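S.K.: So that you have it, the file is my_file-v1.cif, and it contains mmCIF, C-alpha atoms and all ligand atoms:
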```cif
data_structure
#
loop_
_atom_site.group_PDB
_atom_site.id
_atom_site.type_symbol
_atom_site.label_atom_id
_atom_site.label_comp_id
_atom_site.auth_asym_id
_atom_site.auth_seq_id
_atom_site.Cartn_x
_atom_site.Cartn_y
_atom_site.Cartn_z
ATOM 1 C CA MET A 1 -49.994 30.923 -78.884
ATOM 2 C CA PRO A 2 -47.449 30.590 -81.669
ATOM 3 C CA THR A 3 -45.371 27.381 -81.688
ATOM 4 C CA PHE A 4 -41.964 29.105 -81.178
ATOM 5 C CA VAL A 5 -43.283 30.800 -78.033
ATOM 6 C CA ILE A 6 -44.446 27.466 -76.586
ATOM 7 C CA ARG A 7 -40.973 25.885 -77.360
ATOM 8 C CA PHE A 8 -39.179 28.805 -75.628
ATOM 9 C CA LEU A 9 -41.349 28.494 -72.544
ATOM 10 C CA LEU A 10 -40.805 24.714 -72.331
ATOM 11 C CA THR A 11 -36.995 25.046 -72.644
ATOM 12 C CA SER A 12 -36.941 27.741 -69.943
ATOM 13 C CA LEU A 13 -38.991 25.556 -67.629
ATOM 14 C CA LEU A 14 -36.637 22.588 -68.056
ATOM 15 C CA LEU A 15 -33.563 24.738 -67.429
ATOM 16 C CA ALA A 16 -35.092 26.260 -64.332
ATOM 17 C CA ALA A 17 -35.850 22.795 -62.931
ATOM 18 C CA GLY A 18 -32.165 21.810 -63.480
ATOM 19 C CA SER A 19 -33.377 18.744 -65.264
ATOM 20 C CA GLN A 20 -31.486 19.248 -68.474
ATOM 21 C CA PRO A 21 -29.891 15.766 -68.622
ATOM 22 C CA GLU A 22 -26.720 16.534 -70.655
ATOM 23 C CA PHE A 23 -25.739 19.582 -68.555
ATOM 24 C CA GLY A 24 -26.315 17.901 -65.092
ATOM 25 C CA VAL A 25 -24.211 14.761 -65.810
ATOM 26 C CA GLY A 26 -21.350 16.940 -67.080
ATOM 27 C CA LEU A 27 -21.324 18.954 -63.873
ATOM 28 C CA ILE A 28 -21.225 15.816 -61.692
ATOM 29 C CA ARG A 29 -18.318 14.445 -63.741
ATOM 30 C CA VAL A 30 -16.309 17.649 -63.342
ATOM 31 C CA ARG A 31 -16.957 17.702 -59.645
ATOM 32 C CA ALA A 32 -15.898 14.028 -59.232
ATOM 33 C CA GLN A 33 -12.652 14.669 -61.165
ATOM 34 C CA ALA A 34 -11.842 17.686 -58.994
ATOM 35 C CA GLU A 35 -12.532 15.622 -55.873
ATOM 36 C CA ARG A 36 -10.213 12.814 -57.073
ATOM 37 C CA ALA A 37 -7.453 15.317 -57.848
ATOM 38 C CA ARG A 38 -7.822 16.947 -54.463
ATOM 39 C CA ALA A 39 -7.766 13.547 -52.711
ATOM 40 C CA ALA A 40 -4.662 12.529 -54.683
ATOM 41 C CA ALA A 41 -2.961 15.801 -53.771
ATOM 42 C CA CYS A 42 -3.826 15.182 -50.133
ATOM 43 C CA LEU A 43 -2.459 11.669 -50.317
ATOM 44 C CA GLU A 44 0.769 12.947 -51.859
ATOM 45 C CA THR A 45 1.038 15.690 -49.277
ATOM 46 C CA GLU A 46 0.398 13.255 -46.466
ATOM 47 C CA ALA A 47 2.912 10.805 -47.883
ATOM 48 C CA GLN A 48 5.551 13.548 -48.069
ATOM 49 C CA THR A 49 4.883 14.770 -44.537
ATOM 50 C CA PRO A 50 7.313 13.183 -42.065
ATOM 51 C CA VAL A 51 5.337 11.003 -39.730
ATOM 52 C CA ARG A 52 5.783 12.038 -36.087
ATOM 53 C CA LYS A 53 6.166 8.943 -33.936
ATOM 54 C CA PRO A 54 6.251 9.061 -30.120
ATOM 55 C CA CYS A 55 9.855 9.166 -28.881
ATOM 56 C CA PRO A 56 10.952 6.114 -26.908
ATOM 57 C CA PRO A 57 11.078 7.061 -23.207
ATOM 58 C CA GLN A 58 14.490 8.333 -22.185
ATOM 59 C CA GLU A 59 16.148 5.836 -19.886
ATOM 60 C CA GLN A 60 16.507 7.308 -16.385
ATOM 61 C CA PRO A 61 19.607 6.022 -14.659
ATOM 62 C CA GLU A 62 18.650 3.869 -11.685
ATOM 63 C CA ALA A 63 19.099 5.540 -8.294
ATOM 64 C CA PHE A 64 20.680 3.307 -5.663
ATOM 65 C CA LEU A 65 18.727 4.489 -2.632
ATOM 66 C CA PRO A 66 19.464 3.598 0.968
ATOM 67 C CA ASP A 67 16.839 1.864 3.107
ATOM 68 C CA LEU A 68 16.841 2.530 6.838
ATOM 69 C CA VAL A 69 15.447 -0.306 8.947
ATOM 70 C CA PRO A 70 15.346 -0.277 12.769
ATOM 71 C CA LEU A 71 16.493 -3.504 14.443
ATOM 72 C CA PRO A 72 14.814 -4.748 17.639
ATOM 73 C CA PRO A 73 16.223 -2.800 20.639
ATOM 74 C CA GLY A 74 18.294 -4.549 23.302
ATOM 75 C CA ASP A 75 20.181 -4.043 26.610
ATOM 76 C CA LEU A 76 16.956 -2.899 28.280
ATOM 77 C CA ILE A 77 17.341 -1.754 31.887
ATOM 78 C CA VAL A 78 15.646 0.686 34.224
ATOM 79 C CA ILE A 79 17.801 3.107 36.191
ATOM 80 C CA SER A 80 17.068 5.910 38.613
ATOM 81 C CA SER A 81 19.141 8.839 37.450
ATOM 82 C CA ALA A 82 20.969 10.524 40.322
ATOM 83 C CA ALA A 83 21.498 13.587 38.146
ATOM 84 C CA THR A 84 17.892 14.146 37.157
ATOM 85 C CA GLY A 85 15.912 12.079 39.672
ATOM 86 C CA ARG A 86 14.108 10.472 36.763
ATOM 87 C CA ARG A 87 13.333 6.808 36.244
ATOM 88 C CA GLU A 88 14.784 5.930 32.868
ATOM 89 C CA LEU A 89 14.264 2.982 30.556
ATOM 90 C CA ARG A 90 17.630 2.692 28.843
ATOM 91 C CA LEU A 91 18.062 0.864 25.550
ATOM 92 C CA THR A 92 20.563 0.045 22.835
ATOM 93 C CA THR A 93 19.197 0.796 19.385
ATOM 94 C CA SER A 94 20.510 -0.064 15.939
ATOM 95 C CA PHE A 95 19.569 1.147 12.487
ATOM 96 C CA ALA A 96 20.640 -0.760 9.397
ATOM 97 C CA ASN A 97 20.942 0.486 5.844
ATOM 98 C CA LEU A 98 19.506 -2.442 3.897
ATOM 99 C CA GLY A 99 19.050 -0.595 0.622
ATOM 100 C CA PRO A 100 21.122 -0.934 -2.546
ATOM 101 C CA GLY A 101 22.752 2.468 -2.036
ATOM 102 C CA ARG A 102 24.738 4.347 0.557
ATOM 103 C CA LEU A 103 23.139 6.849 2.888
ATOM 104 C CA GLU A 104 25.495 9.798 2.487
ATOM 105 C CA LEU A 105 24.919 13.216 4.010
ATOM 106 C CA SER A 106 26.999 16.358 3.853
ATOM 107 C CA GLY A 107 26.550 19.539 5.878
ATOM 108 C CA GLU A 108 27.067 23.157 4.939
ATOM 109 C CA PHE A 109 27.243 25.802 7.629
ATOM 110 C CA ASN A 110 25.299 28.979 6.966
ATOM 111 C CA PRO A 111 26.840 31.842 9.032
ATOM 112 C CA GLU A 112 23.681 33.957 8.678
ATOM 113 C CA SER A 113 21.303 31.379 10.156
ATOM 114 C CA ALA A 114 24.085 29.754 12.220
ATOM 115 C CA LYS A 115 22.688 26.408 11.084
ATOM 116 C CA THR A 116 24.208 23.503 9.193
ATOM 117 C CA ALA A 117 21.952 22.439 6.340
ATOM 118 C CA VAL A 118 22.212 18.783 5.336
ATOM 119 C CA THR A 119 22.222 17.438 1.784
ATOM 120 C CA GLN A 120 21.650 13.792 0.913
ATOM 121 C CA HIS A 121 23.737 12.519 -2.002
ATOM 122 C CA ILE A 122 22.127 9.908 -4.248
ATOM 123 C CA TYR A 123 24.360 7.689 -6.345
ATOM 124 C CA GLY A 124 23.762 5.580 -9.450
ATOM 125 C CA GLU A 125 25.795 3.076 -11.439
ATOM 126 C CA ASP A 126 28.132 5.782 -12.761
ATOM 127 C CA GLY A 127 28.514 7.864 -9.614
ATOM 128 C CA PRO A 128 26.676 10.898 -8.207
ATOM 129 C CA LEU A 129 23.137 11.218 -9.556
ATOM 130 C CA SER A 130 21.185 13.774 -7.537
ATOM 131 C CA LYS A 131 20.950 15.664 -4.254
ATOM 132 C CA SER A 132 18.114 16.196 -1.809
ATOM 133 C CA PRO A 133 17.765 18.380 1.323
ATOM 134 C CA ALA A 134 17.682 16.241 4.488
ATOM 135 C CA GLY A 135 17.342 18.555 7.495
ATOM 136 C CA GLU A 136 20.112 19.830 9.748
ATOM 137 C CA PHE A 137 23.204 18.750 11.606
ATOM 138 C CA VAL A 138 23.303 19.847 15.242
ATOM 139 C CA TYR A 139 26.259 19.773 17.618
ATOM 140 C CA HIS A 140 25.597 17.466 20.577
ATOM 141 C CA PRO A 141 27.260 18.943 23.671
ATOM 142 C CA ASP A 142 27.323 15.615 25.574
ATOM 143 C CA HIS A 143 28.651 13.563 22.668
ATOM 144 C CA TYR A 144 31.131 16.205 21.451
ATOM 145 C CA HIS A 145 30.230 15.605 17.805
ATOM 146 C CA TRP A 146 27.632 16.326 15.155
ATOM 147 C CA HIS A 147 24.229 14.671 14.809
ATOM 148 C CA LEU A 148 21.487 14.544 12.207
ATOM 149 C CA GLU A 149 18.544 16.074 14.063
ATOM 150 C CA ASN A 150 15.217 14.281 14.449
ATOM 151 C CA PHE A 151 16.517 10.920 13.251
ATOM 152 C CA VAL A 152 14.575 8.579 15.559
ATOM 153 C CA ARG A 153 11.684 8.441 17.988
ATOM 154 C CA TYR A 154 11.257 5.987 20.872
ATOM 155 C CA GLU A 155 7.715 5.253 22.066
ATOM 156 C CA LEU A 156 6.294 3.254 24.952
ATOM 157 C CA TRP A 157 2.653 2.151 24.635
ATOM 158 C CA THR A 158 0.273 0.537 27.107
ATOM 159 C CA LEU A 159 -1.446 -2.657 25.989
ATOM 160 C CA THR A 160 -5.055 -3.735 26.232
ATOM 161 C CA SER A 161 -5.933 -6.916 28.151
ATOM 162 C CA SER A 162 -5.871 -8.751 24.812
ATOM 163 C CA GLY A 163 -2.330 -7.513 24.141
ATOM 164 C CA ARG A 164 -3.174 -4.872 21.537
ATOM 165 C CA ILE A 165 -1.409 -1.505 21.441
ATOM 166 C CA ASP A 166 -3.468 1.041 23.405
ATOM 167 C CA GLN A 167 -2.194 4.433 24.652
ATOM 168 C CA LEU A 168 1.092 6.295 24.235
ATOM 169 C CA ALA A 169 2.555 6.264 27.762
ATOM 170 C CA ALA A 170 6.027 7.796 27.231
ATOM 171 C CA LEU A 171 7.995 9.258 24.365
ATOM 172 C CA THR A 172 11.503 10.356 23.420
ATOM 173 C CA ASP A 173 10.980 12.532 20.394
ATOM 174 C CA LYS A 174 13.284 14.239 17.907
ATOM 175 C CA LEU A 175 16.316 12.236 18.934
ATOM 176 C CA SER A 176 19.394 13.158 16.928
ATOM 177 C CA PHE A 177 22.034 10.677 15.784
ATOM 178 C CA CYS A 178 25.522 10.544 14.342
ATOM 179 C CA LEU A 179 25.336 8.282 11.313
ATOM 180 C CA ARG A 180 28.243 5.924 10.760
ATOM 181 C CA ASP A 181 29.250 2.357 9.979
ATOM 182 C CA ILE A 182 29.510 0.486 13.280
ATOM 183 C CA TYR A 183 29.157 -3.147 12.177
ATOM 184 C CA ARG A 184 28.135 -5.125 9.130
ATOM 185 C CA ALA A 185 24.596 -6.522 9.147
ATOM 186 C CA GLN A 186 25.555 -9.301 6.832
ATOM 187 C CA ALA A 187 26.914 -12.182 8.895
ATOM 188 C CA ALA A 188 28.461 -13.952 5.917
ATOM 189 C CA GLY A 189 29.971 -12.494 2.772
ATOM 190 C CA PRO A 190 32.748 -10.041 2.048
ATOM 191 C CA ALA A 191 34.242 -8.443 5.129
ATOM 192 C CA GLY A 192 34.257 -4.935 3.750
ATOM 193 C CA GLN A 193 35.594 -1.914 5.547
ATOM 194 C CA ALA A 194 33.735 0.775 7.411
ATOM 195 C CA PHE A 195 33.628 3.881 5.223
ATOM 196 C CA TYR A 196 31.683 6.438 7.285
ATOM 197 C CA ILE A 197 33.487 6.586 10.611
ATOM 198 C CA TYR A 198 33.492 10.241 11.697
ATOM 199 C CA CYS A 199 30.695 12.280 13.233
ATOM 200 C CA GLY A 200 31.720 15.517 11.568
ATOM 201 C CA GLN A 201 29.467 18.116 10.031
ATOM 202 C CA GLU A 202 31.177 17.723 6.637
ATOM 203 C CA GLN A 203 30.079 14.159 5.951
ATOM 204 C CA GLN A 204 28.256 11.283 7.658
ATOM 205 C CA GLY A 205 26.499 8.171 6.438
ATOM 206 C CA ILE A 206 25.757 4.458 6.610
ATOM 207 C CA SER A 207 27.109 2.166 3.893
ATOM 208 C CA PRO A 208 24.761 -0.409 2.370
ATOM 209 C CA GLY A 209 24.720 -3.522 4.520
ATOM 210 C CA TRP A 210 26.036 -1.680 7.600
ATOM 211 C CA VAL A 211 24.436 -0.883 10.938
ATOM 212 C CA ASP A 212 24.679 2.217 13.142
ATOM 213 C CA THR A 213 24.317 1.520 16.881
ATOM 214 C CA TYR A 214 23.859 3.706 19.962
ATOM 215 C CA ARG A 215 24.442 1.885 23.268
ATOM 216 C CA TYR A 216 22.158 2.148 26.291
ATOM 217 C CA ASP A 217 24.822 3.981 28.320
ATOM 218 C CA ILE A 218 25.206 6.885 25.869
ATOM 219 C CA PRO A 219 23.597 10.160 27.033
ATOM 220 C CA GLY A 220 20.075 10.417 25.661
ATOM 221 C CA GLN A 221 19.519 6.703 24.959
ATOM 222 C CA LEU A 222 16.436 6.528 27.144
ATOM 223 C CA ILE A 223 12.732 6.931 27.618
ATOM 224 C CA ASP A 224 11.665 8.848 30.739
ATOM 225 C CA ILE A 225 9.280 6.460 32.530
ATOM 226 C CA SER A 226 8.981 8.449 35.790
ATOM 227 C CA GLY A 227 5.592 7.778 37.327
ATOM 228 C CA LEU A 228 4.721 4.867 35.053
ATOM 229 C CA PRO A 229 3.575 1.692 36.830
ATOM 230 C CA ASP A 230 5.287 -1.652 36.286
ATOM 231 C CA GLY A 231 3.582 -3.859 33.743
ATOM 232 C CA LEU A 232 3.375 -4.795 30.079
ATOM 233 C CA TYR A 233 4.232 -2.287 27.381
ATOM 234 C CA ALA A 234 4.952 -2.144 23.672
ATOM 235 C CA LEU A 235 8.299 -0.516 22.883
ATOM 236 C CA ARG A 236 8.275 1.012 19.398
ATOM 237 C CA LEU A 237 11.083 2.688 17.447
ATOM 238 C CA VAL A 238 10.529 4.893 14.413
ATOM 239 C CA VAL A 239 13.458 5.879 12.212
ATOM 240 C CA ASP A 240 13.310 8.991 10.001
ATOM 241 C CA PRO A 241 9.869 9.913 11.434
ATOM 242 C CA ASP A 242 9.575 13.107 9.359
ATOM 243 C CA ASN A 243 10.757 11.360 6.177
ATOM 244 C CA ARG A 244 13.663 13.680 5.436
ATOM 245 C CA VAL A 245 15.864 10.885 4.091
ATOM 246 C CA LEU A 246 15.078 9.540 0.626
ATOM 247 C CA GLU A 247 14.848 5.763 0.905
ATOM 248 C CA LYS A 248 13.904 2.762 -1.162
ATOM 249 C CA PHE A 249 11.132 1.963 1.348
ATOM 250 C CA ASP A 250 9.553 4.155 4.047
ATOM 251 C CA THR A 251 7.114 1.403 5.025
ATOM 252 C CA ASN A 252 9.650 -0.577 7.083
ATOM 253 C CA ASN A 253 10.767 2.250 9.392
ATOM 254 C CA THR A 254 9.229 0.965 12.627
ATOM 255 C CA VAL A 255 9.931 -1.988 14.871
ATOM 256 C CA ARG A 256 7.940 -3.027 17.932
ATOM 257 C CA ILE A 257 8.555 -5.462 20.750
ATOM 258 C CA THR A 258 6.518 -6.317 23.860
ATOM 259 C CA ILE A 259 8.246 -5.865 27.205
ATOM 260 C CA GLU A 260 7.456 -6.230 30.880
ATOM 261 C CA ILE A 261 8.904 -3.671 33.288
ATOM 262 C CA PHE A 262 9.189 -4.699 36.920
ATOM 263 C CA GLY A 263 11.386 -2.651 39.248
ATOM 264 C CA ARG A 264 14.785 -2.206 37.645
ATOM 265 C CA GLN A 265 14.331 -5.115 35.326
ATOM 266 C CA VAL A 266 12.911 -5.434 31.875
ATOM 267 C CA ARG A 267 11.898 -8.699 30.267
ATOM 268 C CA ILE A 268 11.448 -8.985 26.519
ATOM 269 C CA LEU A 269 8.237 -10.900 25.861
ATOM 270 C CA SER A 270 8.431 -10.887 22.077
ATOM 271 C CA ASP A 271 9.863 -14.368 21.903
ATOM 272 C CA ALA A 272 13.293 -15.139 20.575
ATOM 273 C CA LYS A 273 11.728 -16.639 17.448
ATOM 274 C CA GLU A 274 9.923 -13.384 16.639
ATOM 275 C CA ILE A 275 13.139 -11.371 16.996
ATOM 276 C CA ARG A 276 15.065 -14.017 15.044
ATOM 277 C CA LEU A 277 12.530 -13.604 12.215
ATOM 278 C CA LEU A 278 13.007 -9.824 12.210
ATOM 279 C CA LEU A 279 16.772 -10.220 12.027
ATOM 280 C CA ASP A 280 16.543 -12.956 9.378
ATOM 281 C CA ALA A 281 14.286 -10.751 7.259
ATOM 282 C CA ALA A 282 16.872 -7.971 7.535
ATOM 283 C CA LYS A 283 19.681 -10.365 6.630
ATOM 284 C CA ALA A 284 17.782 -11.700 3.624
ATOM 285 C CA VAL A 285 17.420 -8.156 2.301
ATOM 286 C CA VAL A 286 21.096 -7.461 2.897
ATOM 287 C CA GLU A 287 22.123 -10.488 0.870
ATOM 288 C CA GLY A 288 20.317 -9.078 -2.136
ATOM 289 C CA CYS A 289 21.675 -5.616 -1.703
ATOM 290 C CA CYS A 290 24.633 -3.445 -2.134
ATOM 291 C CA ARG A 291 25.214 -2.906 -5.842
ATOM 292 C CA GLY A 292 26.030 0.695 -5.042
ATOM 293 C CA ALA A 293 28.335 -0.312 -2.224
ATOM 294 C CA VAL A 294 30.893 2.201 -1.125
ATOM 295 C CA PRO A 295 34.314 1.278 -2.522
HETATM 296 CA CA CA A 301 13.195 2.274 5.290
HETATM 297 CA CA CA A 302 12.527 8.164 4.527
HETATM 298 ZN ZN ZN A 303 26.400 11.063 19.203
#
```
Show this structure as structure tokens.
Ligand SMILES: [Ca+2]
Ligand SMILES: [Ca+2]
Ligand SMILES: [Zn+2]
M.R.:
Amino acid sequence: MPTFVIRFLLTSLLLAAGSQPEFGVGLIRVRAQAERARAAACLETEAQTPVRKPCPPQEQPEAFLPDLVPLPPGDLIVISSAATGRRELRLTTSFANLGPGRLELSGEFNPESAKTAVTQHIYGEDGPLSKSPAGEFVYHPDHYHWHLENFVRYELWTLTSSGRIDQLAALTDKLSFCLRDIYRAQAAGPAGQAFYIYCGQEQQGISPGWVDTYRYDIPGQLIDISGLPDGLYALRLVVDPDNRVLEKFDTNNTVRITIEIFGRQVRILSDAKEIRLLLDAAKAVVEGCCRGAVP
């Protein structure tokens, strides 16, 4: 084979194997430069792009919610109703608003449904904040005024021999109430004035630190205990049982005392200390309350 043919074949072989040293190094250099340029361009682009930071959370104005708390019932007596023939456990019940805000409800009559829908008004530092549906107002024919329906429930439970709550023995369910400021829960402190005093369908409520009371001699303030034997029972009150009212706490909406019924008499067995503690706890909350007090 002639020498020039052998040289040609050798050169072709080297090229095919990509092992020509000068050519390969040059290609790597070009590629590296292009990569650096691209990276630099990216860096510049990234540096020019506005950086999106998470927005600070928008401050929600604080809602001053009411907090309904039932106080231990009192004035417990048993009567035989001449009108109905029933044996009735009569009781005075009181419901305090111990939250930082007023409980304010307004009603709007709907001629089509012939019902009065209730709206709860929530206030904040700077005034009205939001609204929430809160059931219905109903006209009470014996009280001659308007009530918030299904506001409280009164329950009477039997007790086991060890004093634990056992079976529901009697119930007054879906009891409606006119909400208003009857007396101040706070024994000491500013006197204040009652703000919600009418039982109209336009507006009702309980100011922070105030208590709404229904006496034992008002129509409906009873549990029908016809046929129940004398003995020990737990008397339990539940306020806002269907949770229609927005409150700071719904976990404190029951109160329970132990009673003994014998004939026409009722003895409260929850000792005075226990009731004192319940009232003191309520008072302690009241003293830290009322930033959204009604003017
Ligand atoms: Ca409550
Ligand atoms: Ca509630
Ligand atoms: Zn009433």
S.K.: CA of Asn252 (chain A) and CA of His145 (chain A), how far apart in Å?
M.R.: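 Answer for the CA of His145 (chain A) to CA of Asn252 (chain A) separation: 28.3 Å.
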S.K.: Residues within 7 Å of ligand ZN 303 (chain A), counting all atoms listed in the file: report them as a list of chain:residue names.
M.R.: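 What falls inside 7 Å of ligand ZN 303 (chain A) is A:His140, A:His143, A:His145, A:Trp146, A:His147, A:Phe177, A:Cys178.
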S.K.: List as a list of chain:residue names the residues having at least one atom at most 12 Å from position (9.0, -5.0, 32.7) as given in the file, counting all atoms listed in the file.
M.R.: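 The requested residues, written out, are A:Leu76, A:Ile77, A:Val78, A:Leu89, A:Leu156, A:Thr158, A:Ile225, A:Leu228, A:Pro229, A:Asp230, A:Gly231, A:Leu232, A:Tyr233, A:Ala234, A:Leu235, A:Ile257, A:Thr258, A:Ile259, A:Glu260, A:Ile261, A:Phe262, A:Gly263, A:Arg264, A:Gln265, A:Val266, A:Arg267, A:Ile268, A:Leu269.
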S.K.: Between A:Ser226, A:Ser161, A:Ser132, A:Gln221, which has the minimum distance to ligand CA 302 (chain A) (counting all atoms listed in the file)?
M.R.: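 Under the stated criterion, the closest residue is A:Ser132.
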S.K.: Translate the PyMOL selection byres (((chain A and resi 168) around 8) and not hetatm), as applied to the file shown, into an explicit residue set as a ChimeraX atom specification.
M.R.: /A:155-158,166-167,169-171
S.K.: Apply the PyMOL selection byres (((not hetatm)) within 6 of (chain A and resi 302)) to the displayed file and report the matching residues as a PyMOL selection string.
M.R.: chain A and resi 240+243-247+250
S.K.: 7 Å from ligand CA 301 (chain A) is the threshold here; counting all atoms listed in the file, which polymer residues fall inside it? Answer as a PyMOL selection string.
M.R.: chain A and resi 67-69+247-253
S.K.: If you apply the PyMOL selection byres (((chain A and resi 180) around 7) and not hetatm) to this file, what residues do you get, as a PyMOL selection string?
M.R.: chain A and resi 178-179+181-182+196-198+204-206+212
S.K.: How big is the axis-aligned box, and where does its centre sit, when it encloses all atoms of region 155-159 of chain A listed in the file and has 6 Å added on every side, reported in Å to one decimal as JSON?
M.R.:
```
{"center_x": 3.1, "center_y": 1.3, "center_z": 24.6, "size_x": 21.2, "size_y": 19.9, "size_z": 17.0}
```
S.K.: Between CA of Gly101 (chain A) and CA of Ala63 (chain A), what is the distance in Å, rounded to a tenth?
M.R.: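 That distance, rounded to one decimal, is 7.9 Å.
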S.K.: Between CA of Asp75 (chain A) and CA of Thr92 (chain A), what is the distance, to one decimal in Å?
M.R.: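 Interatomic distance here is 5.6 Å.
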S.K.: Using only C-alpha atoms and a cutoff of 8 Å, can you tell me which residues are near (31.3, -4.4, 10.1) in the file's coordinates, and write them out as a VMD selection string?
M.R.: chain A and resid 181 to 185 191 to 194 210 to 211
S.K.: Export, as an mmCIF file, keeping the file's coordinate frame, the selected residues with C-alpha atoms.
M.R.:
```
data_model
loop_
_atom_site.group_PDB
_atom_site.id
_atom_site.type_symbol
_atom_site.label_atom_id
_atom_site.label_comp_id
_atom_site.auth_asym_id
_atom_site.auth_seq_id
_atom_site.Cartn_x
_atom_site.Cartn_y
_atom_site.Cartn_z
ATOM 1 C CA ASP A 181 29.250 2.357 9.979
ATOM 2 C CA ILE A 182 29.510 0.486 13.280
ATOM 3 C CA TYR A 183 29.157 -3.147 12.177
ATOM 4 C CA ARG A 184 28.135 -5.125 9.130
ATOM 5 C CA ALA A 185 24.596 -6.522 9.147
ATOM 6 C CA ALA A 191 34.242 -8.443 5.129
ATOM 7 C CA GLY A 192 34.257 -4.935 3.750
ATOM 8 C CA GLN A 193 35.594 -1.914 5.547
ATOM 9 C CA ALA A 194 33.735 0.775 7.411
ATOM 10 C CA TRP A 210 26.036 -1.680 7.600
ATOM 11 C CA VAL A 211 24.436 -0.883 10.938
#
```
S.K.: Tell me which protein, DNA and RNA residues are within 12 Å of region 110-114 of chain A, counting only C-alpha atoms, leaving out same-chain ones fewer than 3 positions away, and put them as a compact mmCIF listing (two decimals) with C-alpha atoms, keeping the file's coordinate frame.
M.R.:
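Result saved to part.txt:
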```
# COMPACT_ATOMS: atom_id res chain seq x y z
CA GLY A 107 26.55 19.54 5.88
CA ALA A 117 21.95 22.44 6.34
CA VAL A 118 22.21 18.78 5.34
CA GLU A 136 20.11 19.83 9.75
CA PHE A 137 23.20 18.75 11.61
CA VAL A 138 23.30 19.85 15.24
CA TYR A 139 26.26 19.77 17.62
```
S.K.: With distances taken over only C-alpha atoms, which residue among A:Ala134, A:Leu65, A:Leu222, A:Val51 lies nearest Leu98 (chain A)?
M.R.: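 Ranked by minimum distance to Leu98 (chain A), first place goes to A:Leu65.
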